[in-house]
file start21.pdb (PDB, C-alpha atoms and all ligand atoms)
ATOM      1  CA  SER A1204     -20.398 -19.629  18.971
ATOM      2  CA  THR A1205     -19.497 -23.320  18.965
ATOM      3  CA  LEU A1206     -16.458 -22.603  16.790
ATOM      4  CA  ALA A1207     -15.051 -20.320  19.520
ATOM      5  CA  GLY A1208     -15.700 -23.061  22.085
ATOM      6  CA  GLY A1209     -13.897 -25.560  19.903
ATOM      7  CA  LEU A1210     -10.978 -23.221  19.452
ATOM      8  CA  ARG A1211     -10.699 -22.748  23.209
ATOM      9  CA  ASN A1212      -9.964 -26.492  23.529
ATOM     10  CA  ALA A1213      -7.925 -26.880  20.361
ATOM     11  CA  LEU A1214      -4.512 -26.540  22.007
ATOM     12  CA  ASP A1215      -5.280 -29.011  24.836
ATOM     13  CA  ARG A1216      -6.698 -31.519  22.385
ATOM     14  CA  GLY A1217      -3.692 -31.310  20.094
ATOM     15  CA  GLU A1218      -5.806 -30.217  17.144
ATOM     16  CA  LEU A1219      -3.433 -27.476  16.007
ATOM     17  CA  GLU A1220      -0.520 -28.077  13.695
ATOM     18  CA  LEU A1221       2.019 -25.965  11.873
ATOM     19  CA  HIS A1222       2.589 -26.344   8.184
ATOM     20  CA  PHE A1223       5.574 -24.744   6.479
ATOM     21  CA  GLN A1224       5.867 -23.098   3.078
ATOM     22  CA  PRO A1225       9.340 -22.817   1.512
ATOM     23  CA  VAL A1226      10.810 -19.429   0.621
ATOM     24  CA  VAL A1227      13.224 -19.896  -2.285
ATOM     25  CA  GLU A1228      15.984 -17.976  -3.998
ATOM     26  CA  LEU A1229      14.470 -17.025  -7.369
ATOM     27  CA  ALA A1230      17.706 -17.488  -9.300
ATOM     28  CA  THR A1231      18.472 -20.996  -8.004
ATOM     29  CA  GLY A1232      15.315 -22.435  -6.441
ATOM     30  CA  ARG A1233      17.306 -23.068  -3.256
ATOM     31  CA  ILE A1234      15.219 -23.019  -0.029
ATOM     32  CA  VAL A1235      16.397 -20.265   2.336
ATOM     33  CA  ALA A1236      13.461 -20.062   4.764
ATOM     34  CA  ALA A1237      10.063 -21.566   5.572
ATOM     35  CA  GLU A1238       6.910 -19.728   6.679
ATOM     36  CA  ALA A1239       5.049 -21.362   9.587
ATOM     37  CA  LEU A1240       1.270 -21.412   9.010
ATOM     38  CA  LEU A1241      -1.319 -22.615  11.531
ATOM     39  CA  ARG A1242      -3.668 -25.455  10.680
ATOM     40  CA  TRP A1243      -6.671 -26.542  12.784
ATOM     41  CA  ARG A1244      -8.313 -29.914  12.382
ATOM     42  CA  TYR A1245     -11.711 -29.747  14.121
ATOM     43  CA  GLY A1246     -14.384 -32.425  14.003
ATOM     44  CA  GLY A1247     -12.520 -34.252  11.275
ATOM     45  CA  GLU A1248     -12.255 -31.193   9.035
ATOM     46  CA  GLN A1249      -9.703 -28.475   8.381
ATOM     47  CA  VAL A1250     -11.038 -25.074   9.434
ATOM     48  CA  PRO A1251      -9.545 -22.446   7.087
ATOM     49  CA  PRO A1252      -7.200 -19.963   8.821
ATOM     50  CA  VAL A1253      -9.250 -17.080   7.372
ATOM     51  CA  GLN A1254     -12.032 -18.314   9.691
ATOM     52  CA  PHE A1255     -10.222 -19.241  12.859
ATOM     53  CA  VAL A1256      -7.364 -16.714  12.945
ATOM     54  CA  PRO A1257      -9.754 -13.717  13.143
ATOM     55  CA  LEU A1258     -11.775 -15.641  15.764
ATOM     56  CA  ALA A1259      -8.614 -16.279  17.750
ATOM     57  CA  GLU A1260      -7.828 -12.553  17.518
ATOM     58  CA  GLN A1261     -11.305 -11.515  18.741
ATOM     59  CA  THR A1262     -11.251 -13.918  21.686
ATOM     60  CA  GLY A1263      -7.630 -13.259  22.665
ATOM     61  CA  LEU A1264      -6.877 -16.962  22.122
ATOM     62  CA  ILE A1265      -4.303 -15.866  19.555
ATOM     63  CA  VAL A1266      -1.915 -15.133  22.445
ATOM     64  CA  PRO A1267      -1.601 -18.699  23.851
ATOM     65  CA  ILE A1268      -1.927 -20.133  20.347
ATOM     66  CA  GLY A1269       0.742 -17.724  19.127
ATOM     67  CA  TRP A1270       3.165 -18.815  21.869
ATOM     68  CA  TRP A1271       2.505 -22.465  21.082
ATOM     69  CA  ALA A1272       3.233 -21.727  17.401
ATOM     70  CA  MET A1273       6.399 -19.809  18.384
ATOM     71  CA  ARG A1274       7.718 -22.804  20.375
ATOM     72  CA  GLU A1275       6.976 -25.237  17.540
ATOM     73  CA  ALA A1276       8.495 -22.897  14.960
ATOM     74  CA  CYS A1277      11.667 -22.343  17.013
ATOM     75  CA  ALA A1278      12.103 -26.092  17.484
ATOM     76  CA  GLN A1279      12.044 -26.577  13.700
ATOM     77  CA  ALA A1280      14.209 -23.497  13.168
ATOM     78  CA  ALA A1281      16.893 -24.931  15.469
ATOM     79  CA  ARG A1282      17.168 -28.034  13.269
ATOM     80  CA  TRP A1283      16.812 -26.447   9.840
ATOM     81  CA  PHE A1284      19.056 -23.482  10.558
ATOM     82  CA  SER A1285      21.966 -25.486  11.989
ATOM     83  CA  ARG A1286      21.888 -28.062   9.188
ATOM     84  CA  HIS A1287      20.852 -26.009   6.194
ATOM     85  CA  GLY A1288      20.940 -22.305   7.119
ATOM     86  CA  VAL A1289      17.163 -22.276   6.691
ATOM     87  CA  ALA A1290      15.294 -19.745   8.887
ATOM     88  CA  VAL A1291      11.672 -20.025   9.983
ATOM     89  CA  THR A1292       9.327 -17.100   9.515
ATOM     90  CA  VAL A1293       6.427 -16.740  11.980
ATOM     91  CA  ASN A1294       3.290 -14.594  11.727
ATOM     92  CA  VAL A1295       2.781 -12.546  14.878
ATOM     93  CA  SER A1296      -0.567 -10.904  15.634
ATOM     94  CA  ALA A1297      -0.878  -7.353  16.949
ATOM     95  CA  HIS A1298      -2.200  -8.762  20.248
ATOM     96  CA  GLN A1299       0.875 -10.838  20.892
ATOM     97  CA  LEU A1300       3.307  -8.185  19.720
ATOM     98  CA  ARG A1301       1.819  -5.646  22.120
ATOM     99  CA  GLU A1302       2.145  -7.930  25.133
ATOM    100  CA  GLU A1303       4.494  -6.800  27.859
ATOM    101  CA  GLY A1304       7.612  -8.930  27.634
ATOM    102  CA  PHE A1305       7.023 -10.093  24.061
ATOM    103  CA  ALA A1306      10.653  -9.699  22.979
ATOM    104  CA  GLU A1307      12.042 -11.476  26.052
ATOM    105  CA  GLY A1308       9.497 -14.267  25.563
ATOM    106  CA  VAL A1309      10.675 -14.796  21.992
ATOM    107  CA  LEU A1310      14.341 -14.764  23.037
ATOM    108  CA  ASP A1311      13.631 -17.276  25.825
ATOM    109  CA  THR A1312      11.783 -19.508  23.359
ATOM    110  CA  LEU A1313      14.722 -19.357  20.954
ATOM    111  CA  SER A1314      17.281 -20.251  23.587
ATOM    112  CA  ALA A1315      15.120 -23.059  25.010
ATOM    113  CA  ALA A1316      15.030 -24.484  21.470
ATOM    114  CA  GLY A1317      18.776 -23.971  21.052
ATOM    115  CA  ALA A1318      18.325 -21.688  18.049
ATOM    116  CA  PRO A1319      20.207 -18.438  17.373
ATOM    117  CA  GLY A1320      18.287 -15.222  16.644
ATOM    118  CA  GLU A1321      19.284 -15.496  12.983
ATOM    119  CA  ALA A1322      17.128 -18.637  12.681
ATOM    120  CA  LEU A1323      13.912 -16.639  13.230
ATOM    121  CA  ILE A1324      12.013 -14.067  11.183
ATOM    122  CA  ILE A1325       8.972 -12.335  12.697
ATOM    123  CA  GLU A1326       6.183 -11.321  10.266
ATOM    124  CA  VAL A1327       4.151  -8.273  11.184
ATOM    125  CA  THR A1328       1.523  -6.570   9.030
ATOM    126  CA  GLU A1329       2.155  -3.043   7.857
ATOM    127  CA  SER A1330      -0.916  -1.698   9.665
ATOM    128  CA  VAL A1331       0.508  -2.878  13.004
ATOM    129  CA  LEU A1332       3.799  -1.179  12.258
ATOM    130  CA  ILE A1333       2.101   2.073  11.323
ATOM    131  CA  THR A1334      -0.396   2.309  14.180
ATOM    132  CA  ASP A1335       1.935   1.131  16.948
ATOM    133  CA  ALA A1336       4.544   3.491  18.178
ATOM    134  CA  GLY A1337       7.045   3.311  21.012
ATOM    135  CA  SER A1338       6.728  -0.022  22.788
ATOM    136  CA  THR A1339       6.277  -2.110  19.631
ATOM    137  CA  ARG A1340       9.294  -0.490  18.070
ATOM    138  CA  ALA A1341      11.352  -1.124  21.213
ATOM    139  CA  ALA A1342      10.359  -4.815  21.205
ATOM    140  CA  LEU A1343      11.311  -5.198  17.547
ATOM    141  CA  GLU A1344      14.618  -3.379  18.059
ATOM    142  CA  ARG A1345      15.418  -5.665  21.007
ATOM    143  CA  LEU A1346      14.800  -8.732  18.837
ATOM    144  CA  ARG A1347      16.867  -7.325  15.969
ATOM    145  CA  SER A1348      19.765  -6.669  18.342
ATOM    146  CA  GLU A1349      19.834 -10.450  18.892
ATOM    147  CA  GLY A1350      19.807 -11.257  15.176
ATOM    148  CA  VAL A1351      16.071 -11.893  14.746
ATOM    149  CA  ARG A1352      14.809 -10.348  11.506
ATOM    150  CA  VAL A1353      11.518  -8.500  11.105
ATOM    151  CA  ALA A1354       9.385  -8.813   7.956
ATOM    152  CA  VAL A1355       6.508  -6.615   6.791
ATOM    153  CA  ASP A1356       3.789  -9.050   5.689
ATOM    154  CA  ASP A1357       1.241  -8.327   2.939
ATOM    155  CA  PHE A1358       3.134  -5.236   1.800
ATOM    156  CA  GLY A1359       1.029  -3.372  -0.735
ATOM    157  CA  THR A1360      -2.395  -4.147   0.707
ATOM    158  CA  GLY A1361      -2.489  -1.424   3.340
ATOM    159  CA  TYR A1362      -1.235   2.126   3.315
ATOM    160  CA  SER A1363       1.915   1.107   1.469
ATOM    161  CA  SER A1364       3.661   4.349   2.042
ATOM    162  CA  LEU A1365       7.147   3.738   0.768
ATOM    163  CA  SER A1366       8.581   6.598   2.769
ATOM    164  CA  TYR A1367       7.529   5.138   6.120
ATOM    165  CA  LEU A1368       9.560   2.035   5.336
ATOM    166  CA  MET A1369      12.691   4.076   5.824
ATOM    167  CA  SER A1370      11.922   4.726   9.457
ATOM    168  CA  LEU A1371      10.669   1.272  10.474
ATOM    169  CA  PRO A1372      12.669  -1.438  12.260
ATOM    170  CA  VAL A1373      12.337  -3.974   9.432
ATOM    171  CA  ASP A1374      14.658  -6.198   7.390
ATOM    172  CA  VAL A1375      12.392  -8.037   4.977
ATOM    173  CA  LEU A1376       9.562  -6.914   2.694
ATOM    174  CA  LYS A1377       6.936  -9.527   1.782
ATOM    175  CA  LEU A1378       5.348  -8.271  -1.422
ATOM    176  CA  ASP A1379       1.675  -9.168  -1.416
ATOM    177  CA  ARG A1380       0.488 -11.362  -4.259
ATOM    178  CA  ALA A1381      -1.531  -8.432  -5.583
ATOM    179  CA  PHE A1382       1.879  -7.119  -6.747
ATOM    180  CA  VAL A1383       2.760 -10.404  -8.381
ATOM    181  CA  ALA A1384       0.485  -9.996 -11.381
ATOM    182  CA  PRO A1385       0.138 -12.092 -14.536
ATOM    183  CA  GLU A1386       3.134 -11.955 -16.859
ATOM    184  CA  HIS A1387       1.867  -9.406 -19.340
ATOM    185  CA  GLU A1388       0.551  -6.803 -16.915
ATOM    186  CA  HIS A1389       3.258  -4.304 -17.837
ATOM    187  CA  ARG A1390       1.957  -1.435 -15.744
ATOM    188  CA  GLN A1391       1.677  -3.648 -12.683
ATOM    189  CA  TYR A1392       5.245  -4.840 -13.156
ATOM    190  CA  ALA A1393       6.488  -1.270 -13.519
ATOM    191  CA  ILE A1394       5.165  -0.635 -10.015
ATOM    192  CA  THR A1395       6.612  -3.898  -8.732
ATOM    193  CA  GLY A1396       9.998  -3.003 -10.228
ATOM    194  CA  ALA A1397       9.950   0.404  -8.565
ATOM    195  CA  VAL A1398       9.114  -1.138  -5.177
ATOM    196  CA  LEU A1399      11.928  -3.686  -5.600
ATOM    197  CA  GLN A1400      14.440  -0.954  -6.410
ATOM    198  CA  LEU A1401      13.411   1.101  -3.423
ATOM    199  CA  ALA A1402      13.595  -1.934  -1.143
ATOM    200  CA  ALA A1403      17.136  -2.633  -2.368
ATOM    201  CA  VAL A1404      18.176   0.979  -1.700
ATOM    202  CA  LEU A1405      16.789   0.628   1.831
ATOM    203  CA  ASP A1406      18.718  -2.652   2.316
ATOM    204  CA  LEU A1407      15.509  -4.647   2.612
ATOM    205  CA  VAL A1408      15.313  -8.201   1.297
ATOM    206  CA  THR A1409      12.147  -8.773  -0.743
ATOM    207  CA  ILE A1410      10.085 -11.957  -0.848
ATOM    208  CA  ALA A1411       7.457 -12.058  -3.615
ATOM    209  CA  GLU A1412       4.378 -13.932  -2.361
ATOM    210  CA  GLY A1413       1.865 -15.992  -4.302
ATOM    211  CA  VAL A1414       4.127 -16.956  -7.198
ATOM    212  CA  GLU A1415       2.126 -19.573  -9.091
ATOM    213  CA  GLY A1416       3.596 -19.629 -12.598
ATOM    214  CA  ASP A1417       6.903 -19.711 -14.491
ATOM    215  CA  GLY A1418       6.063 -16.445 -16.235
ATOM    216  CA  GLN A1419       5.708 -14.656 -12.919
ATOM    217  CA  ALA A1420       8.989 -16.130 -11.674
ATOM    218  CA  ARG A1421      10.774 -14.991 -14.865
ATOM    219  CA  ALA A1422       9.348 -11.475 -14.648
ATOM    220  CA  LEU A1423      10.376 -11.193 -10.986
ATOM    221  CA  THR A1424      13.860 -12.502 -11.750
ATOM    222  CA  ARG A1425      14.240  -9.875 -14.488
ATOM    223  CA  LEU A1426      13.277  -7.237 -11.921
ATOM    224  CA  LYS A1427      16.003  -8.627  -9.611
ATOM    225  CA  CYS A1428      13.606  -9.805  -6.931
ATOM    226  CA  PRO A1429      15.805 -12.051  -4.744
ATOM    227  CA  LEU A1430      13.276 -14.385  -3.063
ATOM    228  CA  ALA A1431       9.867 -15.915  -3.729
ATOM    229  CA  GLN A1432       7.186 -18.064  -2.186
ATOM    230  CA  GLY A1433       4.140 -19.688  -3.752
ATOM    231  CA  TYR A1434       2.448 -22.750  -5.184
ATOM    232  CA  LEU A1435       4.988 -22.832  -8.057
ATOM    233  CA  TYR A1436       7.560 -24.035  -5.513
ATOM    234  CA  SER A1437       5.408 -25.671  -2.850
ATOM    235  CA  PRO A1438       2.166 -25.177  -0.931
ATOM    236  CA  PRO A1439       2.414 -25.108   2.872
ATOM    237  CA  VAL A1440       3.328 -28.681   3.916
ATOM    238  CA  PRO A1441       4.003 -30.649   7.131
ATOM    239  CA  ALA A1442       7.556 -30.383   8.522
ATOM    240  CA  PRO A1443       8.683 -33.874   7.399
ATOM    241  CA  ILE A1444       8.101 -32.851   3.781
ATOM    242  CA  ILE A1445      10.385 -29.842   4.267
ATOM    243  CA  ASP A1446      12.972 -32.258   5.699
ATOM    244  CA  ALA A1447      12.701 -34.337   2.554
ATOM    245  CA  LEU A1448      13.061 -31.255   0.317
ATOM    246  CA  LEU A1449      16.185 -30.195   2.238
ATOM    247  CA  ASP A1450      17.735 -33.671   2.305
ATOM    248  CA  PRO A1451      16.691 -35.311  -0.921
TER     249      PRO A1451
HETATM  250  O1  LIG V   1      -2.327 -20.360   5.613
HETATM  251  P1  LIG V   1      -3.096 -19.487   4.780
HETATM  252  O2  LIG V   1      -2.814 -20.716   4.403
HETATM  253  O3  LIG V   1      -4.558 -19.758   4.587
HETATM  254  O4  LIG V   1      -3.130 -18.485   6.068
HETATM  255  C1  LIG V   1      -4.046 -17.450   6.082
HETATM  256  C2  LIG V   1      -3.662 -16.369   7.038
HETATM  257  O5  LIG V   1      -3.697 -16.828   8.384
HETATM  258  C3  LIG V   1      -2.246 -15.875   6.836
HETATM  259  O6  LIG V   1      -2.259 -14.839   5.928
HETATM  260  C4  LIG V   1      -1.853 -15.385   8.200
HETATM  261  O7  LIG V   1      -2.111 -14.004   8.280
HETATM  262  C5  LIG V   1      -2.761 -16.128   9.144
HETATM  263  N1  LIG V   1      -1.953 -17.051   9.938
HETATM  264  C6  LIG V   1      -1.538 -18.287   9.616
HETATM  265  N2  LIG V   1      -0.789 -18.810  10.590
HETATM  266  C7  LIG V   1      -0.709 -17.866  11.561
HETATM  267  C8  LIG V   1      -0.075 -17.788  12.837
HETATM  268  O8  LIG V   1       0.634 -18.685  13.288
HETATM  269  N3  LIG V   1      -0.264 -16.637  13.563
HETATM  270  C9  LIG V   1      -1.005 -15.599  13.101
HETATM  271  N4  LIG V   1      -1.145 -14.519  13.870
HETATM  272  N5  LIG V   1      -1.610 -15.635  11.900
HETATM  273  C10 LIG V   1      -1.467 -16.737  11.139
HETATM  274  O1  LIG V   2      -1.027 -13.533   4.764
HETATM  275  P1  LIG V   2       0.103 -14.448   4.749
HETATM  276  O2  LIG V   2       1.060 -13.991   3.674
HETATM  277  O3  LIG V   2       0.830 -14.650   6.040
HETATM  278  O4  LIG V   2      -0.364 -15.920   4.357
HETATM  279  C1  LIG V   2       0.046 -16.598   3.275
HETATM  280  C2  LIG V   2      -1.190 -17.238   2.676
HETATM  281  O5  LIG V   2      -1.016 -17.368   1.272
HETATM  282  C3  LIG V   2      -1.455 -18.618   3.213
HETATM  283  O6  LIG V   2      -2.827 -18.706   3.319
HETATM  284  C4  LIG V   2      -0.977 -19.529   2.096
HETATM  285  O7  LIG V   2      -1.638 -20.774   2.079
HETATM  286  C5  LIG V   2      -1.323 -18.693   0.876
HETATM  287  N1  LIG V   2      -0.516 -18.970  -0.312
HETATM  288  C6  LIG V   2       0.730 -19.431  -0.344
HETATM  289  N2  LIG V   2       1.185 -19.534  -1.639
HETATM  290  C7  LIG V   2       0.167 -19.124  -2.419
HETATM  291  C8  LIG V   2       0.023 -19.007  -3.843
HETATM  292  O8  LIG V   2       0.926 -19.275  -4.646
HETATM  293  N3  LIG V   2      -1.177 -18.539  -4.280
HETATM  294  C9  LIG V   2      -2.190 -18.198  -3.430
HETATM  295  N4  LIG V   2      -3.324 -17.764  -3.969
HETATM  296  N5  LIG V   2      -2.078 -18.304  -2.095
HETATM  297  C10 LIG V   2      -0.908 -18.750  -1.586
HETATM  298 MN    MN V   3       2.794 -14.252   6.286
HETATM  299 NA    NA V   4       1.183 -12.105   2.944
END
call {"tool": "encode", "arguments": {"input": "start21.pdb", "output": "structure tokens"}}
result
Amino acid sequence: STLAGGLRNALDRGELELHFQPVVELATGRIVAAEALLRWRYGGEQVPPVQFVPLAEQTGLIVPIGWWAMREACAQAARWFSRHGVAVTVNVSAHQLREEGFAEGVLDTLSAAGAPGEALIIEVTESVLITDAGSTRAALERLRSEGVRVAVDDFGTGYSSLSYLMSLPVDVLKLDRAFVAPEHEHRQYAITGAVLQLAAVLDLVTIAEGVEGDGQARALTRLKCPLAQGYLYSPPVPAPIIDALLDP
């Protein structure tokens, strides 16, 4: 299709950009991390990631695009982490993760940017973690040995087996917004509370995604959820706006 053709040229034409969404400490509102999210401006319009990310996956373009995003993200991480202790969290597709030399590529990118491993968090979906065995695990363990953290993205939308979490090489749980229900959904919050307790027992840090209202933030705070992300705090924004939030 023409969209695939456009995407093939997007990198060369400088049409791709990263936006960043703050991850905040629920108790204080302090920014502790920022999620890098791809944006594509094509023919004067923003193409939604739900359209072009799957296309990039199907065509394999997600690999060069993913490495471009990793370099951009590490460059920001170097600045934000040294000045503010703020890490950058990057979505990594199954394609890229399964590449030979993925871990070394990430470590090279970090050192070229002058950022320590602690400045980077890699987001992987739970389905990738479940279906991939040996080599993926080895790559993630290699990264963790250098201080890079691994997050399970969209937790709760897939198999969501809590027991498998125990055996996976992960540090951070990103609770899907399906778990972050309206304030008075008591049954939903009972489940959320149970997941949060289990995560704490497993030494996982939880980020609640899609927090849009004060009521949700209060309910999550009561349940001792440490971190949150969502429109209540900020939508994904260009890097200079994060700079301004960090240095008001
Ligand atoms: O940014 P939202 O704003 O619309 O992003 C939608 C989805 O696109 C995210 O859930 C994420 O899975 C995917 N996405 C965004 N940026 C990246 C990226 O840099 N790499 C990969 N693999 N996926 C991304
Ligand atoms: O799948 P992943 O979690 O990587 O992508 C995050 C997606 O969620 C991005 O598309 C981002 O724009 C979107 N998002 C961020 N905050 C909110 C929010 O508060 N509400 C909703 N509905 N979407 C959000
Ligand atoms: Mn994500
Ligand atoms: Na998510």
call {"tool": "closest_atom_pairs", "arguments": {"input": "start21.pdb", "of": "chain A", "to": "ligand LIG 1 (chain V)", "cutoff": "6 Å", "atoms": "only C-alpha atoms and all ligand atoms", "output": "JSON lines"}}
result
{"residue": "A:Leu1240", "atom": "CA", "partner": "V:LIG1", "partner_atom": "N2", "distance": 3.7}
{"residue": "A:Leu1241", "atom": "CA", "partner": "V:LIG1", "partner_atom": "N2", "distance": 4.0}
{"residue": "A:Pro1252", "atom": "CA", "partner": "V:LIG1", "partner_atom": "O5", "distance": 4.7}
{"residue": "A:Val1253", "atom": "CA", "partner": "V:LIG1", "partner_atom": "C1", "distance": 5.4}
{"residue": "A:Val1256", "atom": "CA", "partner": "V:LIG1", "partner_atom": "O5", "distance": 5.9}
{"residue": "A:Gly1269", "atom": "CA", "partner": "V:LIG1", "partner_atom": "N3", "distance": 5.8}
{"residue": "A:Ala1272", "atom": "CA", "partner": "V:LIG1", "partner_atom": "O8", "distance": 5.7}
{"residue": "A:Asn1294", "atom": "CA", "partner": "V:LIG1", "partner_atom": "N3", "distance": 4.5}
{"residue": "A:Val1295", "atom": "CA", "partner": "V:LIG1", "partner_atom": "N4", "distance": 4.5}
{"residue": "A:Ser1296", "atom": "CA", "partner": "V:LIG1", "partner_atom": "N4", "distance": 4.1}
call {"tool": "closest_residue", "arguments": {"input": "start21.pdb", "among": "A:Val1383, A:Leu1300, A:Ala1213, A:Ala1230", "to": "A:Leu1430", "atoms": "only C-alpha atoms"}}
result
A:Ala1230
call {"tool": "residues_around", "arguments": {"input": "start21.pdb", "residues": "A:Leu1343", "least_positions_apart": "2", "cutoff": "8 Å", "atoms": "all atoms listed in the file", "output": "PDB file with C-alpha atoms, in the frame of the given file"}}
result
ATOM      1  CA  ALA A1306      10.653  -9.699  22.979  1.00  0.00           C
ATOM      2  CA  THR A1339       6.277  -2.110  19.631  1.00  0.00           C
ATOM      3  CA  ARG A1340       9.294  -0.490  18.070  1.00  0.00           C
ATOM      4  CA  ALA A1341      11.352  -1.124  21.213  1.00  0.00           C
ATOM      5  CA  ARG A1345      15.418  -5.665  21.007  1.00  0.00           C
ATOM      6  CA  LEU A1346      14.800  -8.732  18.837  1.00  0.00           C
ATOM      7  CA  ARG A1347      16.867  -7.325  15.969  1.00  0.00           C
ATOM      8  CA  VAL A1353      11.518  -8.500  11.105  1.00  0.00           C
ATOM      9  CA  PRO A1372      12.669  -1.438  12.260  1.00  0.00           C
TER      10      PRO A1372
END
call {"tool": "closest_atom_pairs", "arguments": {"input": "start21.pdb", "of": "chain A", "to": "ligand NA 4 (chain V)", "cutoff": "10 Å", "atoms": "all atoms listed in the file", "output": "tab-separated table"}}
result
residue	atom	partner	partner_atom	distance
A:Asn1294	CA	V:NA4	NA	9.4
A:Glu1326	CA	V:NA4	NA	8.9
A:Val1327	CA	V:NA4	NA	9.6
A:Thr1328	CA	V:NA4	NA	8.2
A:Val1355	CA	V:NA4	NA	8.6
A:Asp1356	CA	V:NA4	NA	4.9
A:Asp1357	CA	V:NA4	NA	3.8
A:Phe1358	CA	V:NA4	NA	7.2
A:Gly1359	CA	V:NA4	NA	9.5
A:Thr1360	CA	V:NA4	NA	9.0
A:Leu1376	CA	V:NA4	NA	9.9
A:Lys1377	CA	V:NA4	NA	6.4
A:Leu1378	CA	V:NA4	NA	7.1
A:Asp1379	CA	V:NA4	NA	5.3
A:Arg1380	CA	V:NA4	NA	7.3
A:Ala1381	CA	V:NA4	NA	9.7
A:Ile1410	CA	V:NA4	NA	9.7
A:Ala1411	CA	V:NA4	NA	9.1
A:Glu1412	CA	V:NA4	NA	6.5
A:Gly1413	CA	V:NA4	NA	8.3
A:Gln1432	CA	V:NA4	NA	9.9
call {"tool": "residues_around", "arguments": {"input": "start21.pdb", "residues": "stretch 1435-1446 of chain A", "least_positions_apart": "4", "cutoff": "8 Å", "atoms": "all atoms listed in the file", "output": "ChimeraX atom specification"}}
result
/A:1221-1225,1227,1232,1238,1240,1279,1414-1417,1450
call {"tool": "write_last_selection", "arguments": {"input": "start21.pdb", "atoms": "C-alpha atoms", "output": "PDB file, keeping the file's coordinate frame"}}
result
ATOM      1  CA  LEU A1221       2.019 -25.965  11.873  1.00  0.00           C
ATOM      2  CA  HIS A1222       2.589 -26.344   8.184  1.00  0.00           C
ATOM      3  CA  PHE A1223       5.574 -24.744   6.479  1.00  0.00           C
ATOM      4  CA  GLN A1224       5.867 -23.098   3.078  1.00  0.00           C
ATOM      5  CA  PRO A1225       9.340 -22.817   1.512  1.00  0.00           C
ATOM      6  CA  VAL A1227      13.224 -19.896  -2.285  1.00  0.00           C
ATOM      7  CA  GLY A1232      15.315 -22.435  -6.441  1.00  0.00           C
ATOM      8  CA  GLU A1238       6.910 -19.728   6.679  1.00  0.00           C
ATOM      9  CA  LEU A1240       1.270 -21.412   9.010  1.00  0.00           C
ATOM     10  CA  GLN A1279      12.044 -26.577  13.700  1.00  0.00           C
ATOM     11  CA  VAL A1414       4.127 -16.956  -7.198  1.00  0.00           C
ATOM     12  CA  GLU A1415       2.126 -19.573  -9.091  1.00  0.00           C
ATOM     13  CA  GLY A1416       3.596 -19.629 -12.598  1.00  0.00           C
ATOM     14  CA  ASP A1417       6.903 -19.711 -14.491  1.00  0.00           C
ATOM     15  CA  ASP A1450      17.735 -33.671   2.305  1.00  0.00           C
TER      16      ASP A1450
END
call {"tool": "resolve_selection", "arguments": {"input": "start21.pdb", "expression": "the PyMOL selection byres (((chain A and resi 1387-1398) around 10) and not hetatm)", "output": "PDB file with C-alpha atoms, in the coordinates of the input"}}
result
ATOM      1  CA  GLY A1359       1.029  -3.372  -0.735  1.00  0.00           C
ATOM      2  CA  LEU A1365       7.147   3.738   0.768  1.00  0.00           C
ATOM      3  CA  LEU A1376       9.562  -6.914   2.694  1.00  0.00           C
ATOM      4  CA  LEU A1378       5.348  -8.271  -1.422  1.00  0.00           C
ATOM      5  CA  ALA A1381      -1.531  -8.432  -5.583  1.00  0.00           C
ATOM      6  CA  PHE A1382       1.879  -7.119  -6.747  1.00  0.00           C
ATOM      7  CA  VAL A1383       2.760 -10.404  -8.381  1.00  0.00           C
ATOM      8  CA  ALA A1384       0.485  -9.996 -11.381  1.00  0.00           C
ATOM      9  CA  PRO A1385       0.138 -12.092 -14.536  1.00  0.00           C
ATOM     10  CA  GLU A1386       3.134 -11.955 -16.859  1.00  0.00           C
ATOM     11  CA  LEU A1399      11.928  -3.686  -5.600  1.00  0.00           C
ATOM     12  CA  GLN A1400      14.440  -0.954  -6.410  1.00  0.00           C
ATOM     13  CA  LEU A1401      13.411   1.101  -3.423  1.00  0.00           C
ATOM     14  CA  ALA A1402      13.595  -1.934  -1.143  1.00  0.00           C
ATOM     15  CA  ALA A1403      17.136  -2.633  -2.368  1.00  0.00           C
ATOM     16  CA  VAL A1404      18.176   0.979  -1.700  1.00  0.00           C
ATOM     17  CA  THR A1409      12.147  -8.773  -0.743  1.00  0.00           C
ATOM     18  CA  ALA A1411       7.457 -12.058  -3.615  1.00  0.00           C
ATOM     19  CA  GLY A1418       6.063 -16.445 -16.235  1.00  0.00           C
ATOM     20  CA  GLN A1419       5.708 -14.656 -12.919  1.00  0.00           C
ATOM     21  CA  ALA A1422       9.348 -11.475 -14.648  1.00  0.00           C
ATOM     22  CA  LEU A1423      10.376 -11.193 -10.986  1.00  0.00           C
ATOM     23  CA  ARG A1425      14.240  -9.875 -14.488  1.00  0.00           C
ATOM     24  CA  LEU A1426      13.277  -7.237 -11.921  1.00  0.00           C
ATOM     25  CA  LYS A1427      16.003  -8.627  -9.611  1.00  0.00           C
ATOM     26  CA  CYS A1428      13.606  -9.805  -6.931  1.00  0.00           C
TER      27      CYS A1428
END
call {"tool": "closest_residue", "arguments": {"input": "start21.pdb", "among": "A:Arg1242, A:Arg1233, A:Arg1421, A:Arg1286", "to": "ligand LIG 2 (chain V)", "atoms": "all atoms listed in the file"}}
result
A:Arg1242
call {"tool": "axis_aligned_box", "arguments": {"input": "start21.pdb", "around": "ligand LIG 2 (chain V)", "padding_each_side": "5 Å", "output": "JSON"}}
result
{"center_x": -1.1, "center_y": -17.2, "center_z": 0.7, "size_x": 14.5, "size_y": 17.2, "size_z": 20.7}
call {"tool": "closest_residue", "arguments": {"input": "start21.pdb", "among": "A:Leu1368, A:Val1293, A:Leu1229, A:Val1373", "to": "ligand MN 3 (chain V)", "atoms": "only C-alpha atoms and all ligand atoms"}}
result
A:Val1293
